[in-house]
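Student: Structure file coords.txt (compact mmCIF, C-alpha atoms and all ligand atoms) right here:
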```
# COMPACT_ATOMS: atom_id res chain seq x y z
CA MET A 1 19.57 37.36 -22.60
CA SER A 2 22.22 38.48 -20.15
CA ILE A 3 20.80 39.27 -16.75
CA THR A 4 21.96 42.36 -14.94
CA VAL A 5 20.55 44.03 -11.90
CA GLU A 6 19.38 46.82 -14.24
CA SER A 7 17.54 44.47 -16.59
CA ALA A 8 16.02 42.66 -13.63
CA SER A 9 14.77 45.93 -12.20
CA ARG A 10 13.42 47.04 -15.57
CA LEU A 11 11.53 43.78 -16.07
CA LEU A 12 10.25 44.03 -12.56
CA SER A 13 8.84 47.51 -13.08
CA GLU A 14 7.38 46.57 -16.48
CA LYS A 15 5.91 43.19 -15.61
CA GLY A 16 5.89 43.02 -11.83
CA TYR A 17 7.82 39.77 -11.68
CA LEU A 18 11.08 38.21 -12.73
CA ASP A 19 11.00 35.87 -15.70
CA MET A 20 14.47 36.06 -17.13
CA GLU A 21 16.09 33.10 -18.76
CA ILE A 22 18.35 30.99 -16.63
CA PRO A 23 21.31 29.29 -18.36
CA LYS A 24 20.52 25.68 -19.32
CA GLY A 25 21.91 23.12 -16.89
CA THR A 26 21.81 25.46 -13.87
CA ASP A 27 21.45 23.36 -10.74
CA LEU A 28 18.80 25.46 -9.05
CA ILE A 29 18.93 23.63 -5.73
CA SER A 30 22.68 24.10 -5.30
CA GLU A 31 22.53 27.73 -6.54
CA ILE A 32 19.72 28.53 -4.10
CA ASN A 33 21.68 26.87 -1.30
CA LYS A 34 24.77 28.94 -2.19
CA LEU A 35 22.79 32.19 -2.24
CA ARG A 36 21.08 31.34 1.05
CA LYS A 37 24.49 31.01 2.70
CA GLU A 38 26.21 33.96 1.00
CA LYS A 39 23.34 36.33 1.77
CA ASN A 40 22.39 34.97 5.17
CA ALA A 41 18.88 34.47 3.83
CA VAL A 42 16.06 32.42 5.28
CA ILE A 43 13.47 30.79 3.01
CA LEU A 44 9.98 30.66 4.52
CA ALA A 45 7.34 28.68 2.61
CA HIS A 46 3.62 28.15 2.99
CA TYR A 47 2.12 24.66 2.63
CA TYR A 48 0.38 25.79 -0.58
CA GLN A 49 3.70 26.11 -2.42
CA THR A 50 4.81 23.42 -4.87
CA GLY A 51 6.59 20.40 -3.35
CA ASP A 52 10.06 21.45 -4.59
CA ILE A 53 9.76 24.84 -2.89
CA GLN A 54 8.40 23.26 0.31
CA ASP A 55 11.37 20.87 0.33
CA ILE A 56 14.02 23.58 -0.03
CA ALA A 57 12.53 25.92 2.59
CA ASP A 58 14.23 26.52 5.95
CA PHE A 59 10.83 26.79 7.48
CA LEU A 60 7.49 25.46 6.27
CA GLY A 61 4.27 26.51 7.94
CA ASP A 62 0.78 27.93 7.89
CA SER A 63 0.10 31.66 8.21
CA LEU A 64 0.53 31.86 11.97
CA GLN A 65 3.65 29.69 12.06
CA LEU A 66 5.23 31.71 9.25
CA ALA A 67 4.50 35.04 10.95
CA ARG A 68 6.17 33.68 14.08
CA ALA A 69 9.16 32.37 12.13
CA ALA A 70 9.51 35.80 10.49
CA GLU A 71 9.41 37.46 13.90
CA LYS A 72 12.18 35.24 15.28
CA THR A 73 14.64 35.06 12.41
CA ASN A 74 18.21 36.41 12.58
CA ALA A 75 18.62 36.30 8.80
CA ASP A 76 19.44 39.46 6.86
CA MET A 77 17.02 38.63 4.06
CA ILE A 78 13.64 36.91 4.31
CA VAL A 79 12.67 35.10 1.13
CA PHE A 80 8.94 34.57 1.40
CA CYS A 81 7.53 31.76 -0.71
CA GLY A 82 3.86 32.48 -0.29
CA VAL A 83 1.62 35.31 -1.38
CA HIS A 84 2.11 39.05 -1.10
CA PHE A 85 0.11 39.65 2.09
CA MET A 86 2.23 37.02 3.88
CA ALA A 87 5.49 38.64 2.77
CA GLU A 88 4.04 41.98 3.88
CA ALA A 89 3.29 40.52 7.32
CA ALA A 90 6.96 39.50 7.55
CA LYS A 91 7.99 43.06 6.62
CA ILE A 92 5.57 44.58 9.15
CA LEU A 93 7.43 42.59 11.81
CA ASN A 94 10.90 43.21 10.35
CA PRO A 95 11.27 46.77 9.05
CA ASP A 96 15.07 46.54 8.98
CA LYS A 97 15.29 43.30 7.04
CA LYS A 98 15.00 42.91 3.31
CA VAL A 99 11.88 40.88 2.44
CA VAL A 100 11.56 39.48 -1.08
CA LEU A 101 9.10 37.11 -2.72
CA PRO A 102 9.60 35.17 -5.95
CA ASP A 103 6.64 36.74 -7.78
CA ALA A 104 5.20 40.10 -6.80
CA LYS A 105 1.96 39.16 -8.62
CA ALA A 106 1.27 36.40 -6.10
CA GLY A 107 -1.86 38.02 -4.68
CA CYS A 108 -5.00 36.69 -3.02
CA SER A 109 -8.72 37.04 -3.79
CA LEU A 110 -9.43 37.80 -0.14
CA ALA A 111 -6.81 40.55 0.04
CA ASP A 112 -8.15 41.99 -3.25
CA SER A 113 -11.71 42.11 -1.91
CA CYS A 114 -11.07 44.83 0.66
CA SER A 115 -9.02 48.03 0.66
CA GLY A 116 -8.03 50.11 3.67
CA ALA A 117 -10.26 52.98 2.46
CA GLU A 118 -13.28 50.68 2.07
CA LEU A 119 -12.79 49.17 5.51
CA LYS A 120 -12.42 52.66 7.01
CA ALA A 121 -15.75 53.70 5.43
CA PHE A 122 -17.42 50.52 6.77
CA LYS A 123 -16.05 51.23 10.28
CA GLU A 124 -17.54 54.71 10.15
CA GLN A 125 -20.96 53.17 9.57
CA HIS A 126 -20.53 51.00 12.69
CA PRO A 127 -19.07 53.15 15.46
CA GLY A 128 -17.82 51.27 18.51
CA ALA A 129 -17.11 48.05 16.61
CA VAL A 130 -13.78 46.29 17.12
CA VAL A 131 -12.26 45.33 13.76
CA VAL A 132 -10.88 41.80 13.64
CA SER A 133 -9.20 41.05 10.31
CA TYR A 134 -8.03 37.76 8.90
CA ILE A 135 -4.30 37.91 8.14
CA ASN A 136 -5.26 37.39 4.45
CA CYS A 137 -5.45 41.15 3.81
CA ASN A 138 -3.11 43.90 2.70
CA ALA A 139 -1.11 46.15 5.05
CA ASP A 140 -3.52 49.11 4.63
CA VAL A 141 -6.39 46.88 5.85
CA LYS A 142 -4.27 45.64 8.76
CA ALA A 143 -3.61 49.29 9.61
CA GLU A 144 -7.39 49.91 9.85
CA SER A 145 -7.84 46.82 12.05
CA ASP A 146 -7.65 46.38 15.82
CA ILE A 147 -6.60 42.72 15.85
CA ILE A 148 -5.32 40.34 13.19
CA VAL A 149 -6.18 36.64 13.34
CA THR A 150 -5.33 33.51 11.38
CA SER A 151 -7.44 30.40 11.01
CA SER A 152 -5.38 28.82 13.83
CA ASN A 153 -6.14 31.44 16.46
CA ALA A 154 -9.30 33.27 15.34
CA GLU A 155 -11.75 31.38 17.56
CA GLN A 156 -9.63 31.85 20.70
CA ILE A 157 -9.03 35.55 20.00
CA ILE A 158 -12.70 36.29 19.31
CA ASN A 159 -13.68 34.43 22.48
CA SER A 160 -11.28 36.65 24.44
CA LEU A 161 -13.38 39.73 23.55
CA PRO A 162 -16.35 40.65 25.78
CA LYS A 163 -19.54 38.81 24.73
CA GLU A 164 -21.45 42.03 24.05
CA GLN A 165 -18.63 43.62 22.00
CA LYS A 166 -19.71 44.66 18.48
CA ILE A 167 -17.22 43.19 16.01
CA ILE A 168 -16.50 43.69 12.31
CA PHE A 169 -14.80 40.68 10.72
CA ALA A 170 -13.00 41.17 7.39
CA PRO A 171 -12.45 40.06 4.69
CA ASP A 172 -13.52 36.35 4.59
CA LYS A 173 -17.28 35.88 4.89
CA ASN A 174 -17.02 32.06 4.99
CA LEU A 175 -14.52 32.04 7.84
CA GLY A 176 -16.51 34.82 9.55
CA ARG A 177 -19.77 32.87 9.34
CA TYR A 178 -18.04 29.73 10.64
CA LEU A 179 -16.58 31.73 13.56
CA ASN A 180 -19.98 33.28 14.32
CA GLU A 181 -21.36 29.75 14.70
CA LYS A 182 -18.43 28.58 16.84
CA THR A 183 -18.36 31.58 19.15
CA GLY A 184 -22.07 32.50 19.22
CA ARG A 185 -21.24 36.04 18.03
CA LYS A 186 -22.98 38.15 15.43
CA MET A 187 -19.92 39.68 13.83
CA LEU A 188 -20.58 41.95 10.85
CA LEU A 189 -18.97 40.22 7.89
CA TRP A 190 -17.09 41.65 4.94
CA ASP A 191 -18.16 40.08 1.64
CA GLY A 192 -14.87 38.46 0.52
CA VAL A 193 -14.11 34.84 -0.40
CA CYS A 194 -11.13 32.66 -1.13
CA ILE A 195 -11.60 31.60 -4.75
CA VAL A 196 -9.89 28.28 -4.06
CA HIS A 197 -11.99 27.15 -1.10
CA GLU A 198 -15.16 28.57 -2.66
CA ALA A 199 -14.65 26.33 -5.71
CA PHE A 200 -15.27 23.00 -3.90
CA SER A 201 -18.48 21.23 -4.84
CA MET A 202 -20.86 19.94 -2.18
CA GLU A 203 -22.48 17.50 -4.65
CA LYS A 204 -19.18 16.08 -5.88
CA ILE A 205 -17.78 15.70 -2.36
CA ALA A 206 -20.99 13.93 -1.31
CA ARG A 207 -20.35 11.50 -4.19
CA GLN A 208 -16.73 11.03 -3.02
CA ILE A 209 -18.01 10.20 0.47
CA TYR A 210 -20.38 7.61 -1.01
CA GLU A 211 -17.54 6.06 -3.04
CA ASN A 212 -15.07 6.12 -0.12
CA PRO A 213 -17.22 5.19 2.88
CA LYS A 214 -14.26 4.81 5.26
CA ALA A 215 -12.81 8.23 4.49
CA LYS A 216 -13.11 11.13 6.91
CA VAL A 217 -13.73 14.55 5.39
CA ILE A 218 -11.41 17.29 6.64
CA ALA A 219 -11.91 20.90 5.58
CA HIS A 220 -10.46 24.38 5.94
CA PRO A 221 -12.96 26.94 7.33
CA GLU A 222 -12.55 29.16 4.25
CA ALA A 223 -14.85 26.66 2.46
CA SER A 224 -18.59 27.36 2.04
CA LYS A 225 -21.19 26.39 4.65
CA GLU A 226 -22.65 23.58 2.49
CA VAL A 227 -19.20 22.03 2.08
CA LEU A 228 -18.30 22.43 5.78
CA ASN A 229 -21.56 20.66 6.68
CA LEU A 230 -20.05 17.50 5.15
CA ALA A 231 -16.85 17.69 7.21
CA ASP A 232 -15.87 15.40 10.10
CA TYR A 233 -13.13 17.85 11.05
CA ILE A 234 -12.64 21.57 10.33
CA GLY A 235 -9.31 23.23 11.03
CA SER A 236 -6.47 25.47 9.90
CA THR A 237 -3.82 24.11 7.55
CA SER A 238 -1.47 22.91 10.31
CA ASN A 239 -4.36 21.46 12.32
CA MET A 240 -5.55 19.50 9.27
CA ILE A 241 -2.03 18.12 8.76
CA ASN A 242 -1.83 17.07 12.42
CA PHE A 243 -5.31 15.56 12.28
CA VAL A 244 -4.35 13.22 9.42
CA SER A 245 -1.22 12.08 11.31
CA ASN A 246 -2.95 11.55 14.65
CA ASP A 247 -6.42 10.28 13.76
CA PRO A 248 -6.85 6.49 13.53
CA ALA A 249 -8.68 6.75 10.15
CA GLU A 250 -6.69 5.54 7.13
CA GLU A 251 -8.44 7.57 4.43
CA PHE A 252 -9.24 11.26 4.16
CA ILE A 253 -11.05 13.47 1.68
CA VAL A 254 -9.09 16.71 1.90
CA VAL A 255 -10.99 19.95 1.29
CA THR A 256 -8.26 22.53 0.93
CA GLU A 257 -5.55 23.72 -1.43
CA GLU A 258 -3.80 20.68 -2.95
CA GLY A 259 -0.27 21.74 -1.99
CA VAL A 260 -1.04 20.67 1.59
CA LEU A 261 -1.17 17.02 0.51
CA HIS A 262 2.61 17.07 0.02
CA GLU A 263 3.32 17.55 3.74
CA MET A 264 0.33 15.44 4.84
CA GLN A 265 1.59 12.48 2.84
CA LYS A 266 5.15 12.94 4.14
CA LYS A 267 3.88 12.90 7.73
CA ALA A 268 1.47 9.99 7.11
CA PRO A 269 2.93 8.00 4.19
CA HIS A 270 0.57 5.02 4.59
CA LYS A 271 -2.66 6.97 4.63
CA LYS A 272 -4.82 7.48 1.56
CA LEU A 273 -5.44 11.15 0.77
CA ILE A 274 -8.20 12.02 -1.67
CA PRO A 275 -8.25 15.62 -2.95
CA ALA A 276 -11.82 16.95 -2.79
CA LEU A 277 -13.44 17.77 -6.13
CA VAL A 278 -14.27 21.24 -7.34
CA GLN A 279 -17.33 22.39 -9.31
CA ASP A 280 -15.48 22.83 -12.60
CA GLU A 281 -13.31 19.76 -13.08
CA SER A 282 -11.75 21.19 -16.23
CA CYS A 283 -9.79 23.72 -14.13
CA SER A 284 -7.15 23.13 -11.45
CA CYS A 285 -9.25 25.23 -9.10
CA SER A 286 -8.12 23.40 -5.97
CA GLU A 287 -4.67 24.86 -6.58
CA CYS A 288 -4.19 28.48 -5.64
CA PHE A 289 -3.19 30.16 -8.89
CA TYR A 290 -1.45 32.94 -6.95
CA MET A 291 0.59 30.62 -4.76
CA LYS A 292 1.63 28.63 -7.81
CA LEU A 293 3.05 31.73 -9.54
CA ASN A 294 6.15 31.09 -7.43
CA THR A 295 8.53 28.64 -9.06
CA MET A 296 12.04 27.40 -8.30
CA GLU A 297 13.35 29.56 -11.17
CA LYS A 298 11.76 32.70 -9.76
CA LEU A 299 12.94 31.76 -6.28
CA TYR A 300 16.51 31.55 -7.55
CA LEU A 301 16.25 34.88 -9.44
CA CYS A 302 14.67 36.70 -6.53
CA MET A 303 17.45 35.56 -4.21
CA LYS A 304 20.10 36.49 -6.75
CA TYR A 305 18.76 40.00 -7.50
CA GLU A 306 17.03 40.55 -4.16
CA LEU A 307 13.88 41.49 -6.07
CA PRO A 308 10.90 41.92 -6.00
CA GLU A 309 11.26 43.57 -2.62
CA VAL A 310 8.33 44.24 -0.30
CA THR A 311 8.07 47.78 1.00
CA ILE A 312 5.43 49.40 3.20
CA GLU A 313 4.95 53.07 4.10
CA GLU A 314 6.18 53.50 7.66
CA ASN A 315 2.98 55.09 9.02
CA VAL A 316 0.91 52.20 7.58
CA ARG A 317 3.40 49.63 8.89
CA LEU A 318 3.33 51.03 12.42
CA LYS A 319 -0.48 50.94 12.58
CA ALA A 320 -0.58 47.44 11.07
CA LEU A 321 2.08 46.30 13.55
CA GLU A 322 -0.15 47.19 16.50
CA ALA A 323 -2.88 44.86 15.17
CA VAL A 324 -0.38 42.08 14.38
CA ASN A 325 1.25 42.40 17.81
CA ARG A 326 -2.17 42.07 19.46
CA MET A 327 -2.60 38.78 17.63
CA MET A 328 0.83 37.57 18.72
CA GLU A 329 0.07 38.47 22.33
CA LEU A 330 -3.43 36.92 22.37
CA SER A 331 -2.31 33.63 20.83
CA LYS A 332 0.98 33.03 22.67
CA ASN A 333 -0.29 29.73 24.05
CA ILE A 334 -1.18 28.24 20.65
CA LYS A 335 1.44 25.87 19.22
P1 LIG B 401 -3.71 29.12 7.01
O1 LIG B 401 -2.32 28.96 6.53
O2 LIG B 401 -3.77 30.06 8.16
O3 LIG B 401 -4.43 27.86 7.28
O4 LIG B 401 -4.52 29.88 5.82
C1 LIG B 401 -4.81 29.28 4.64
C2 LIG B 401 -4.73 30.19 3.50
O5 LIG B 401 -5.65 30.40 2.76
C3 LIG B 401 -3.51 30.84 3.21
O6 LIG B 401 -3.68 31.64 2.11
FE1 LIG B 402 -5.84 33.74 -1.01
FE2 LIG B 402 -7.29 31.54 -1.17
FE3 LIG B 402 -4.97 31.65 -2.42
FE4 LIG B 402 -5.03 31.53 0.27
S1 LIG B 402 -5.72 29.97 -1.16
S2 LIG B 402 -3.77 32.89 -0.98
S3 LIG B 402 -6.88 32.69 0.67
S4 LIG B 402 -6.76 32.91 -2.85
```
Hey, can you dump this file as structure tokens for me?

Tutor:
Amino acid sequence: MSITVESASRLLSEKGYLDMEIPKGTDLISEINKLRKEKNAVILAHYYQTGDIQDIADFLGDSLQLARAAEKTNADMIVFCGVHFMAEAAKILNPDKKVVLPDAKAGCSLADSCSGAELKAFKEQHPGAVVVSYINCNADVKAESDIIVTSSNAEQIINSLPKEQKIIFAPDKNLGRYLNEKTGRKMLLWDGVCIVHEAFSMEKIARQIYENPKAKVIAHPEASKEVLNLADYIGSTSNMINFVSNDPAEEFIVVTEEGVLHEMQKKAPHKKLIPALVQDESCSCSECFYMKLNTMEKLYLCMKYELPEVTIEENVRLKALEAVNRMMELSKNIK
């Protein structure tokens, strides 16, 4: 099939993503490098992307680091290898830049669990509450929020609010419950979960601990309470990566999305990393299905055709920007 901008756009509107054939023998790495130069594009990738995408990115990071990289870039086009809400966050910060992502269907169970209208209705039931939303939400939810947080800065930002302040936390109930414990707050929690972190099995991880007695368990706070109870260390993606590099232990059971092991192993090549087991071992549930929709082929096509492009209504963007800027301001000191 010959690929034209028209056929790309048609496929995009019919299917929501680009899946055109690429001529056999195409050297994707060199083509992506050429396009990056020609178009003055920057490739930002989350640690949950496949290893090949992580390796070709200009900047690899967790949600907070990627939002900051998006804020600073001088590129004309931001190619966001992550999920849709992350690319949207880049667009909120960069209205004049083109933001594309390899697969527009790369969503998120947390973002899907809460709409702007639903959050607005919930706010109306709780007048006076400050709305703190996890960055894993869509732009309309950000627009209904007062402050955005990521797993790297949530505890600090919540602690900066007056003790008696009523707070709504959306949309991750696991992270919200964990933060309630850490900060001594009684935030009202939205009922959303990350399907990846929710899939880990307490019983199977307990067995892994028994079989690997020297291993430390490290977990992302999106996991359930029972699973977090087994952890020696709980932290955001970048904090977990740093922990493995800096801690004297030689073995770790890693309770988060498996893509993170790529960077962890690069930074600590001699350490043994054991992916934590999920309840249903017949599925690859510890991989985020949405994140893995992005492939090198789609990355190449999206850079070539500058599609799928992320757009946000300006009134929604401006309201969402206020909440994102509050986060940036309140977490300036976090590395
Ligand atoms: P962080 O990158 O902030 O650790 O969040 C993890 C995550 O679930 C991203 O979707
Ligand atoms: Fe969403 Fe969970 Fe996937 Fe992150 S890992 S994008 S929170 S579904």

Student: Under the rule of at most 7 Å, produce a per-residue listing of chain A near ligand LIG 401 (chain B): chain, number, name, the closest pair of atoms, and the distance in Å, as a Markdown table, using only C-alpha atoms and all ligand atoms.

Tutor:
```
| residue | atom | partner | partner_atom | distance |
| --- | --- | --- | --- | --- |
| A:His46 | CA | B:LIG401 | O1 | 7.0 |
| A:Asp62 | CA | B:LIG401 | O1 | 3.5 |
| A:Ser63 | CA | B:LIG401 | O1 | 4.0 |
| A:Leu64 | CA | B:LIG401 | O2 | 6.0 |
| A:Asn136 | CA | B:LIG401 | O6 | 6.4 |
| A:Thr150 | CA | B:LIG401 | O2 | 5.0 |
| A:Ser151 | CA | B:LIG401 | O2 | 4.7 |
| A:Ser152 | CA | B:LIG401 | O2 | 6.0 |
| A:Ser236 | CA | B:LIG401 | O3 | 4.1 |
| A:Thr237 | CA | B:LIG401 | O3 | 3.8 |
| A:Ser238 | CA | B:LIG401 | O3 | 6.5 |
```

Student: At a cut-off of 10 Å and counting only C-alpha atoms and all ligand atoms, what residues surround ligand LIG 402 (chain B)? Please answer as a ChimeraX atom specification.

Tutor: /A:46,48,63,82-86,106-112,134-137,172,192-198,222-223,256-259,285-292

Student: Find, counting all atoms listed in the file, the residue in A:Ile253, A:Ile53, A:Leu44, A:Ala139 that gets nearest to Tyr300 (chain A).

Tutor: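 Among A:Ile253, A:Ile53, A:Leu44, A:Ala139, it is A:Ile53 that comes nearest to Tyr300 (chain A).
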
Student: Quick one: distance from CA of Ile274 (chain A) to CA of Phe80 (chain A) in Å, one decimal?

Tutor: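 Separation between CA of Ile274 (chain A) and CA of Phe80 (chain A): 28.5 Å.
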
Student: For each of A:Asp232, A:Glu322, A:Glu88, A:Glu250, take the minimum atom-to-atom distance to Ala104 (chain A), counting all atoms listed in the file, then give the residue where this is smallest.

Tutor: A:Glu88

Student: Would you work out the distance separating CA of Ala268 (chain A) from CA of Ser245 (chain A), expressed in Å to one decimal?

Tutor: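 These two atoms are separated by 5.4 Å.
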
Student: In Å, with one decimal, what is the gap from CA of Leu93 (chain A) to CA of Asn40 (chain A)?

Tutor: 18.1 Å

Student: Determine the nearest neighbour of Met77 (chain A) from the options A:Pro95, A:Gly116, A:Gly128, A:Gly61, counting only C-alpha atoms.

Tutor: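 The answer is A:Pro95, which sits nearest to Met77 (chain A).
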
Student: Pick out the closest residue to Leu188 (chain A) from this set: A:Gln279, A:Asp146, A:Lys123, A:Thr26. Count only C-alpha atoms.

Tutor: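 Closest residue, counting only C-alpha atoms: A:Lys123.
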
Student: Nearest to Ser115 (chain A) among A:Ile209, A:Ala219, A:Val141, A:Ile158, with distances taken over only C-alpha atoms: which residue is it?

Tutor: A:Val141

Student: Using only C-alpha atoms and a cutoff of 9 Å, can you tell me which residues are near (-12.1, 11.2, 9.4) in the file's coordinates, and write them out as a count of residues only?

Tutor: 17
